[in-house]
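start_20.txt, holding compact mmCIF, C-alpha atoms:
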```txt
# COMPACT_ATOMS: atom_id res chain seq x y z
CA MET A 1 0.00 0.00 0.00
CA ASN A 2 1.25 3.51 -0.80
CA VAL A 3 2.49 5.15 2.43
CA SER A 4 1.22 8.66 1.53
CA LEU A 5 -2.29 7.34 0.84
CA LEU A 6 -2.28 5.64 4.22
CA LEU A 7 -1.36 8.92 5.92
CA ILE A 8 -4.09 10.84 4.09
CA SER A 9 -6.70 8.22 4.88
CA ASN A 10 -5.86 8.22 8.57
CA SER A 11 -5.74 12.02 8.82
CA LYS A 12 -9.21 12.38 7.30
CA SER A 13 -10.65 9.99 9.82
CA ALA A 14 -8.71 11.77 12.60
CA ILE A 15 -7.38 8.41 13.70
CA PHE A 16 -3.60 8.24 13.71
CA PRO A 17 -2.39 6.03 16.57
CA PHE A 18 1.23 6.31 17.66
CA HIS A 19 1.95 2.64 16.93
CA SER A 20 0.78 3.10 13.31
CA LEU A 21 3.20 5.96 12.83
CA PHE A 22 5.98 3.79 14.27
CA VAL A 23 5.15 0.92 11.87
CA ILE A 24 5.13 3.29 8.88
CA ARG A 25 8.47 4.81 9.80
CA SER A 26 9.98 1.39 10.52
CA PHE A 27 8.72 0.03 7.21
CA SER A 28 10.12 3.01 5.33
CA SER A 29 13.46 2.70 7.11
CA ASN A 30 13.74 -1.04 6.39
CA LEU A 31 12.82 -0.52 2.77
CA ASN A 32 15.49 2.14 2.34
CA GLU A 33 18.08 -0.06 4.00
CA HIS A 34 17.11 -3.00 1.79
CA LEU A 35 17.38 -0.90 -1.37
CA SER A 36 20.75 0.50 -0.30
CA ILE A 37 22.10 -3.03 0.23
CA ILE A 38 20.91 -4.06 -3.24
CA SER A 39 22.58 -0.97 -4.67
CA TYR A 40 25.82 -1.77 -2.81
CA LEU A 41 25.86 -5.38 -4.03
CA ILE A 42 25.47 -4.20 -7.63
CA ASN A 43 27.82 -1.22 -7.62
CA SER A 44 30.56 -2.43 -5.27
CA CYS A 45 30.44 -6.24 -5.57
CA GLY A 46 29.57 -6.65 -9.24
CA LEU A 47 26.35 -8.63 -8.77
CA THR A 48 23.53 -8.51 -11.27
CA LEU A 49 20.22 -7.05 -10.15
CA LYS A 50 18.69 -10.51 -9.89
CA SER A 51 21.60 -11.89 -7.82
CA ALA A 52 21.65 -8.78 -5.61
CA GLN A 53 17.93 -9.11 -4.89
CA SER A 54 18.40 -12.76 -3.98
CA VAL A 55 21.42 -12.14 -1.72
CA SER A 56 19.79 -9.15 -0.01
CA LYS A 57 17.05 -11.42 1.37
CA TYR A 58 19.50 -12.90 3.91
CA LYS A 59 18.47 -11.37 7.25
CA PHE A 60 22.03 -11.28 8.59
CA LEU A 61 23.21 -9.06 5.71
CA ARG A 62 22.39 -5.74 7.29
CA PHE A 63 24.72 -2.77 7.72
CA GLN A 64 24.07 0.91 8.41
CA THR A 65 27.30 2.10 6.78
CA PRO A 66 29.48 0.44 4.12
CA GLU A 67 32.64 0.75 6.26
CA ARG A 68 32.96 -2.98 7.11
CA PRO A 69 32.08 -4.42 3.67
CA ASP A 70 34.30 -1.78 2.03
CA SER A 71 37.25 -2.94 4.13
CA VAL A 72 36.56 -6.58 3.16
CA LEU A 73 36.46 -5.73 -0.53
CA ARG A 74 39.63 -3.65 -0.20
CA LEU A 75 41.44 -6.61 1.41
CA LEU A 76 40.36 -8.96 -1.38
CA ARG A 77 41.44 -6.52 -4.09
CA GLU A 78 44.81 -6.08 -2.39
CA HIS A 79 45.28 -9.85 -2.65
CA GLY A 80 44.57 -9.92 -6.36
CA PHE A 81 40.86 -10.77 -6.46
CA THR A 82 39.07 -9.50 -9.55
CA ILE A 83 35.54 -8.07 -9.48
CA SER A 84 34.15 -11.25 -11.06
CA GLN A 85 35.85 -13.38 -8.37
CA ILE A 86 34.56 -11.10 -5.62
CA SER A 87 31.09 -11.40 -7.13
CA LYS A 88 31.27 -15.21 -6.94
CA ILE A 89 32.35 -15.08 -3.30
CA VAL A 90 29.58 -12.65 -2.29
CA LYS A 91 26.89 -14.67 -4.09
CA THR A 92 27.97 -17.87 -2.37
CA ARG A 93 28.95 -16.59 1.08
CA PRO A 94 27.47 -13.07 1.48
CA HIS A 95 28.11 -13.03 5.23
CA LEU A 96 31.83 -12.68 4.48
CA LEU A 97 31.12 -9.00 3.73
CA LEU A 98 30.60 -8.52 7.47
CA ALA A 99 33.69 -10.48 8.57
CA HIS A 100 36.55 -8.69 10.26
CA PRO A 101 39.12 -8.33 7.46
CA GLU A 102 42.25 -8.20 9.64
CA LYS A 103 41.29 -10.68 12.35
CA THR A 104 39.23 -13.22 10.39
CA LEU A 105 40.06 -13.12 6.68
CA LEU A 106 43.69 -12.01 6.46
CA PRO A 107 45.12 -14.90 8.58
CA LYS A 108 43.43 -17.44 6.26
CA LEU A 109 44.77 -15.76 3.13
CA GLU A 110 48.25 -15.60 4.64
CA PHE A 111 48.11 -19.25 5.68
CA LEU A 112 47.11 -20.38 2.19
CA ARG A 113 49.92 -18.29 0.68
CA SER A 114 52.37 -19.82 3.18
CA ILE A 115 51.68 -23.38 2.00
CA GLY A 116 52.37 -22.55 -1.62
CA PHE A 117 49.42 -20.85 -3.28
CA SER A 118 50.44 -18.18 -5.74
CA ARG A 119 48.66 -14.83 -5.71
CA THR A 120 46.69 -15.76 -8.83
CA GLY A 121 46.10 -19.35 -7.77
CA LEU A 122 44.76 -18.24 -4.40
CA SER A 123 42.13 -15.93 -5.85
CA VAL A 124 40.99 -18.57 -8.34
CA MET A 125 40.70 -21.30 -5.70
CA VAL A 126 38.96 -19.18 -3.06
CA SER A 127 36.47 -17.71 -5.53
CA ARG A 128 35.62 -21.25 -6.59
CA ASN A 129 35.22 -22.35 -2.98
CA PRO A 130 34.69 -19.46 -0.52
CA ASP A 131 34.49 -21.95 2.36
CA PHE A 132 38.24 -21.47 2.68
CA LEU A 133 37.42 -18.01 4.02
CA ALA A 134 34.12 -18.88 5.66
CA ARG A 135 35.29 -21.78 7.84
CA SER A 136 37.49 -21.66 10.93
CA LEU A 137 41.25 -21.42 10.46
CA GLU A 138 42.09 -23.34 13.65
CA ARG A 139 39.25 -25.87 13.62
CA TRP A 140 39.07 -26.69 9.89
CA LEU A 141 41.64 -25.17 7.54
CA ILE A 142 44.81 -26.03 9.49
CA PRO A 143 43.61 -29.56 10.50
CA THR A 144 42.62 -30.24 6.88
CA TYR A 145 46.05 -29.13 5.69
CA GLU A 146 47.80 -31.30 8.29
CA ILE A 147 45.83 -34.40 7.26
CA LEU A 148 46.51 -33.83 3.57
CA LYS A 149 50.20 -33.17 4.26
CA SER A 150 50.54 -36.36 6.33
CA VAL A 151 49.38 -38.45 3.36
CA LEU A 152 50.52 -36.43 0.36
CA VAL A 153 53.84 -35.42 1.99
CA SER A 154 54.60 -32.32 -0.10
CA ASP A 155 52.96 -28.90 0.03
CA GLU A 156 52.91 -28.93 -3.76
CA LYS A 157 50.61 -31.97 -3.79
CA VAL A 158 48.45 -30.45 -1.05
CA VAL A 159 47.94 -27.28 -3.08
CA LYS A 160 47.14 -29.34 -6.17
CA THR A 161 44.55 -31.33 -4.20
CA LEU A 162 42.93 -28.22 -2.77
CA ASN A 163 42.70 -26.89 -6.30
CA ASN A 164 41.06 -30.09 -7.53
CA ARG A 165 37.43 -29.04 -6.98
CA PHE A 166 37.98 -29.40 -3.25
CA ILE A 167 34.56 -28.87 -1.71
CA SER A 168 34.60 -30.09 1.84
CA PHE A 169 36.61 -32.35 4.08
CA LEU A 170 35.65 -34.10 7.28
CA PRO A 171 38.74 -35.28 9.22
CA LYS A 172 36.95 -37.91 11.34
CA ARG A 173 35.47 -39.61 8.29
CA PHE A 174 38.81 -39.49 6.54
CA PHE A 175 40.57 -41.37 9.35
CA ASN A 176 37.86 -44.07 9.41
CA ASN A 177 37.97 -44.54 5.63
CA TYR A 178 41.76 -44.44 5.64
CA SER A 179 41.83 -47.21 8.27
CA LEU A 180 39.40 -49.32 6.23
CA LEU A 181 41.60 -49.12 3.13
CA ARG A 182 44.77 -49.93 5.04
CA GLU A 183 43.11 -52.93 6.72
CA ILE A 184 42.29 -54.54 3.37
CA GLY A 185 45.78 -53.96 1.99
CA VAL A 186 45.58 -50.71 0.03
CA SER A 187 49.01 -49.06 -0.12
CA GLU A 188 49.87 -45.57 1.12
CA SER A 189 50.67 -44.49 -2.43
CA SER A 190 47.25 -45.63 -3.69
CA ILE A 191 45.49 -43.81 -0.85
CA SER A 192 47.55 -40.74 -1.65
CA TYR A 193 46.33 -40.92 -5.25
CA LEU A 194 42.68 -41.33 -4.22
CA LEU A 195 42.96 -38.44 -1.78
CA SER A 196 44.52 -36.14 -4.37
CA GLN A 197 42.02 -37.04 -7.10
CA SER A 198 38.88 -37.28 -4.98
CA PRO A 199 39.18 -35.88 -1.44
CA GLN A 200 35.37 -36.05 -1.26
CA ALA A 201 35.53 -39.84 -1.59
CA MET A 202 37.91 -40.07 1.35
CA SER A 203 35.57 -38.00 3.54
CA GLU A 204 32.44 -39.83 2.42
CA GLU A 205 30.06 -41.13 5.08
CA VAL A 206 31.78 -44.24 6.44
CA SER A 207 28.93 -46.67 5.74
CA LYS A 208 28.55 -45.47 2.13
CA PHE A 209 32.30 -45.62 1.56
CA ALA A 210 32.39 -49.19 2.90
CA VAL A 211 29.64 -50.21 0.45
CA GLN A 212 31.62 -48.78 -2.48
CA VAL A 213 34.78 -50.56 -1.36
CA GLU A 214 32.91 -53.86 -0.96
CA LYS A 215 31.41 -53.49 -4.44
CA VAL A 216 34.88 -53.03 -5.93
CA MET A 217 36.20 -56.08 -4.10
CA LYS A 218 33.31 -58.24 -5.34
CA LEU A 219 34.23 -57.31 -8.90
CA GLY A 220 37.58 -58.95 -8.37
CA PHE A 221 39.83 -55.91 -7.98
CA ASP A 222 43.01 -56.52 -6.00
CA PRO A 223 43.35 -53.97 -3.14
CA SER A 224 47.12 -54.02 -3.57
CA LYS A 225 46.82 -52.77 -7.16
CA PHE A 226 46.45 -49.17 -8.22
CA ASN A 227 43.26 -49.71 -10.23
CA PHE A 228 41.43 -50.70 -7.01
CA VAL A 229 41.31 -47.10 -5.74
CA GLU A 230 40.63 -45.89 -9.28
CA ALA A 231 37.52 -48.07 -9.31
CA VAL A 232 36.50 -46.69 -5.90
CA ARG A 233 36.95 -43.16 -7.25
CA VAL A 234 34.78 -43.88 -10.29
CA PHE A 235 32.01 -45.52 -8.26
CA HIS A 236 31.99 -42.57 -5.88
CA GLY A 237 31.70 -40.06 -8.69
CA LEU A 238 28.97 -41.77 -10.70
CA SER A 239 25.30 -42.03 -9.81
CA SER A 240 23.39 -45.21 -10.74
CA LYS A 241 21.62 -43.25 -13.46
CA SER A 242 24.90 -42.03 -14.97
CA TRP A 243 26.33 -45.55 -14.84
CA GLU A 244 23.36 -46.99 -16.71
CA GLN A 245 23.53 -44.23 -19.31
CA LYS A 246 27.23 -44.93 -19.92
CA MET A 247 26.45 -48.65 -20.31
CA LYS A 248 23.87 -47.75 -22.97
CA VAL A 249 26.44 -45.68 -24.87
CA TYR A 250 28.91 -48.57 -25.06
CA LYS A 251 26.17 -51.04 -25.98
CA ARG A 252 25.18 -48.72 -28.83
CA PHE A 253 28.50 -49.61 -30.47
CA GLY A 254 27.89 -53.34 -30.16
CA LEU A 255 29.60 -54.12 -26.89
CA SER A 256 28.01 -56.66 -24.58
CA GLU A 257 27.55 -56.10 -20.87
CA ASP A 258 30.30 -58.64 -20.12
CA GLU A 259 32.69 -56.78 -22.42
CA ILE A 260 31.89 -53.48 -20.71
CA TRP A 261 32.53 -54.95 -17.26
CA SER A 262 35.78 -56.40 -18.60
CA MET A 263 36.76 -52.93 -19.82
CA PHE A 264 36.00 -51.48 -16.41
CA ARG A 265 38.21 -54.04 -14.66
CA LYS A 266 41.09 -53.18 -16.97
CA TYR A 267 40.57 -49.44 -17.05
CA PRO A 268 38.00 -48.16 -14.52
CA THR A 269 38.25 -44.62 -15.89
CA CYS A 270 36.44 -45.75 -19.06
CA MET A 271 33.17 -45.32 -17.13
CA ALA A 272 34.11 -41.83 -15.93
CA LEU A 273 34.80 -40.43 -19.40
CA SER A 274 32.24 -37.99 -20.72
CA GLU A 275 29.51 -39.39 -22.95
CA LYS A 276 30.68 -37.15 -25.79
CA ASN A 277 34.25 -38.39 -25.42
CA VAL A 278 33.15 -42.02 -25.62
CA ILE A 279 30.84 -41.45 -28.58
CA ASP A 280 33.37 -39.44 -30.59
CA THR A 281 36.23 -41.88 -29.99
CA MET A 282 34.20 -45.04 -30.58
CA ASP A 283 32.63 -43.52 -33.70
CA PHE A 284 36.06 -42.72 -35.11
CA LEU A 285 37.70 -46.07 -34.29
CA VAL A 286 34.76 -48.31 -35.14
CA CYS A 287 32.75 -46.47 -37.79
CA LYS A 288 35.49 -44.57 -39.60
CA MET A 289 38.59 -46.70 -39.07
CA GLY A 290 36.71 -50.00 -39.25
CA TRP A 291 38.09 -51.65 -36.13
CA GLN A 292 35.80 -54.03 -34.29
CA PRO A 293 34.33 -52.87 -30.95
CA ALA A 294 35.90 -55.94 -29.35
CA ALA A 295 39.35 -54.61 -30.28
CA VAL A 296 38.68 -51.44 -28.31
CA ALA A 297 37.28 -53.47 -25.40
CA LYS A 298 40.52 -55.47 -25.19
CA THR A 299 42.58 -52.30 -24.68
CA PRO A 300 40.17 -49.74 -23.15
CA LEU A 301 43.06 -47.50 -22.12
CA MET A 302 42.90 -46.09 -25.66
CA LEU A 303 39.56 -44.45 -24.86
CA GLY A 304 41.35 -42.13 -22.50
CA PHE A 305 43.67 -40.81 -25.21
CA ASN A 306 42.99 -37.42 -26.75
CA LEU A 307 41.09 -37.89 -30.01
CA GLU A 308 42.37 -34.76 -31.75
CA ARG A 309 45.99 -34.84 -30.57
CA ARG A 310 46.78 -38.55 -30.51
CA ILE A 311 44.21 -40.88 -32.03
CA MET A 312 43.32 -39.06 -35.25
CA PRO A 313 46.89 -38.11 -36.31
CA ARG A 314 48.16 -41.66 -35.79
CA CYS A 315 45.20 -43.31 -37.48
CA SER A 316 45.45 -40.90 -40.41
CA VAL A 317 49.07 -41.95 -40.97
CA VAL A 318 48.17 -45.65 -40.76
CA ARG A 319 45.23 -45.14 -43.13
CA VAL A 320 47.44 -43.54 -45.79
CA LEU A 321 50.13 -46.20 -45.45
CA LEU A 322 47.60 -48.99 -45.82
CA LEU A 323 45.79 -47.49 -48.77
CA LYS A 324 49.10 -46.75 -50.50
CA GLY A 325 50.09 -50.37 -50.00
CA LEU A 326 53.11 -49.50 -47.87
CA ILE A 327 52.01 -51.62 -44.90
CA LYS A 328 50.06 -54.85 -44.66
CA ALA A 329 46.72 -55.16 -42.92
CA ASP A 330 48.24 -56.95 -39.95
CA VAL A 331 48.92 -53.93 -37.76
CA HIS A 332 47.25 -54.17 -34.37
CA LEU A 333 45.10 -51.38 -33.01
CA SER A 334 47.08 -51.36 -29.76
CA SER A 335 50.40 -51.05 -31.63
CA VAL A 336 49.11 -47.87 -33.29
CA LEU A 337 47.78 -46.05 -30.22
CA ILE A 338 49.62 -47.40 -27.16
CA PRO A 339 53.34 -46.80 -27.98
CA SER A 340 55.12 -43.56 -27.18
CA GLU A 341 55.12 -40.83 -29.81
CA LYS A 342 58.82 -41.43 -30.50
CA PHE A 343 58.28 -45.16 -31.15
CA PHE A 344 55.23 -44.53 -33.35
CA PHE A 345 57.05 -41.85 -35.30
CA GLU A 346 60.02 -44.12 -36.02
CA ARG A 347 57.86 -47.08 -37.04
CA PHE A 348 55.18 -45.37 -39.12
CA VAL A 349 56.51 -41.97 -40.21
CA THR A 350 60.30 -41.86 -40.51
CA LYS A 351 60.43 -45.33 -42.04
CA TYR A 352 58.17 -44.36 -44.96
CA GLN A 353 58.98 -40.68 -45.43
CA GLU A 354 61.16 -41.37 -48.45
CA HIS A 355 58.20 -42.98 -50.24
CA LEU A 356 55.63 -40.52 -48.90
CA PRO A 357 57.12 -37.15 -47.78
CA GLU A 358 53.64 -35.86 -46.87
CA LEU A 359 53.42 -38.21 -43.88
CA LEU A 360 55.03 -35.66 -41.57
CA ASP A 361 52.46 -33.02 -42.48
CA ILE A 362 49.65 -35.54 -42.06
CA PHE A 363 50.94 -36.50 -38.62
CA HIS A 364 51.15 -32.86 -37.54
CA LYS A 365 47.75 -32.14 -39.11
CA LYS A 366 49.19 -29.63 -41.58
CA MET A 367 47.70 -31.63 -44.42
CA GLY A 368 44.34 -33.39 -44.56
CA LEU A 369 43.66 -36.79 -46.08
CA THR A 370 41.43 -35.26 -48.73
CA GLN A 371 44.45 -33.41 -50.12
CA LEU A 372 45.97 -36.80 -50.92
CA GLY A 373 42.74 -38.08 -52.37
CA PHE A 374 41.73 -40.07 -49.29
CA GLY A 375 38.72 -39.61 -47.08
CA PHE A 376 36.50 -41.87 -45.02
CA SER A 377 34.49 -43.49 -47.80
CA PHE A 378 32.79 -46.85 -47.45
CA ASP A 379 35.39 -48.51 -49.70
CA ASP A 380 38.26 -47.15 -47.63
CA THR A 381 36.64 -48.31 -44.41
CA PHE A 382 36.16 -51.76 -45.88
CA LYS A 383 39.87 -51.97 -46.63
CA ILE A 384 40.83 -50.61 -43.24
CA SER A 385 38.57 -53.11 -41.50
CA ARG A 386 41.05 -55.82 -42.38
CA LEU A 387 43.43 -54.40 -39.78
CA LYS A 388 43.96 -56.83 -36.95
CA ASN A 389 41.58 -56.32 -34.09
CA VAL A 390 43.84 -57.28 -31.21
```
When written as structure tokens, how does the structure in this file appear?
Amino acid sequence: MNVSLLLISNSKSAIFPFHSLFVIRSFSSNLNEHLSIISYLINSCGLTLKSAQSVSKYKFLRFQTPERPDSVLRLLREHGFTISQISKIVKTRPHLLLAHPEKTLLPKLEFLRSIGFSRTGLSVMVSRNPDFLARSLERWLIPTYEILKSVLVSDEKVVKTLNNRFISFLPKRFFNNYSLLREIGVSESSISYLLSQSPQAMSEEVSKFAVQVEKVMKLGFDPSKFNFVEAVRVFHGLSSKSWEQKMKVYKRFGLSEDEIWSMFRKYPTCMALSEKNVIDTMDFLVCKMGWQPAAVAKTPLMLGFNLERRIMPRCSVVRVLLLKGLIKADVHLSSVLIPSEKFFFERFVTKYQEHLPELLDIFHKKMGLTQLGFGFSFDDTFKISRLKNV
């Protein structure tokens, strides 16, 4: 209701109780304060109008003067935070605007710098996860660092882990899960890997973590081998729905469920690859190069290779050599993609450069197959399909 209309209405009726006047003034004062906070969030913190309106609804975010939030923003800018990074922090943890910059925030920033974060790296990491400023230095940040350091040993690895989408960490859960892994024979180095790649898995609720570990053991993984913790990591990161969807993608290319499980035992990461990655790589190897899906299933590690930088350049070279009659159709898929670049180069490029000087340009993608009169026609694929599928 319009405040002026309310005043006029009450004056005409000669009824204007004191408590009504108090409510009107209080309402007007609160409204002005609310609007000033929205204005501050937009102009000083870089929020959009929509974000500012949302953040301003928090009851604790109230200040009569901008002195405290100004000092917080000044501290962040002095430590290299950009306006977009500050905006992310304020949207996620708006109460930090009211924190004491020297007593609460500065010690955390200094601690993180002391363990190896660069000025740029610190602002990136904190803006991605403002909990590093929001949570207690003594009760959470330092204990978390000490746990990570005890397992990872070096500060460099600790910083890398904290940068790896580190969301939260619960020390008590970590110790319970750590003990479980050690009891079944998982090595310190494997635990170190799991912690660095998925700290969330190591601080998972103990009962849920135990179920994941038991599932991996039932699949026949050896706890003393590295791929045991890799399988634990994959199971932790995938929902049942995502797992089923990934199974459907592989089945689309003719792989049976048994073959997919076999792939997972050899290379657990094959189930953590993005759907697009799997589709693009399988489409190229199976549909364009003519290899059988079973050949890929026998060496699933190849699915983790970069399609643009490794798979396509090597396969393009092999395709040209085969269609030019310079190699026989007995080359194995694994011998094309698994060896080091130096070994592949010597076997398939240097050896035939005298007969086909363009091979170097093909390998470095400076020349396309169509420039040599080759593409991915049905006839070519038919010829390529004679390559050995082991």
For this session: In the coordinate frame of the file, compute which residues have an atom within 12 Å of (38.7, -18.0, -6.4) when using all atoms listed in the file, and state them as a ChimeraX atom specification.
Result: /A:76,79-90,92,109,117-133,162-163,165-166
Problem set entry | Within 10 Å of A:His34 using all atoms listed in the file, minus same-chain residues under 6 positions, as JSON, numbers by chain | {"A": [28, 40, 53, 56, 57, 61, 62, 63]}
Problem set entry | Pick from A:Ala329, A:Met217, A:Ile184, A:Val317, whichever lies nearest to A:Val349 using only C-alpha atoms |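 Nearest to A:Val349: A:Val317.
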Exercise. Using only C-alpha atoms, which of the listed residues (A:Ser196, A:Pro268, A:Ser54, A:Tyr250) sits closest to A:Val216?
Worked result: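 Smallest separation from A:Val216 among the options: A:Pro268.
For the residues A:Ser262, A:Ser242, A:Gly254, A:Gly185, ranking by smallest atom-to-atom distance to A:Phe226 using only C-alpha atoms places A:Gly185 first.
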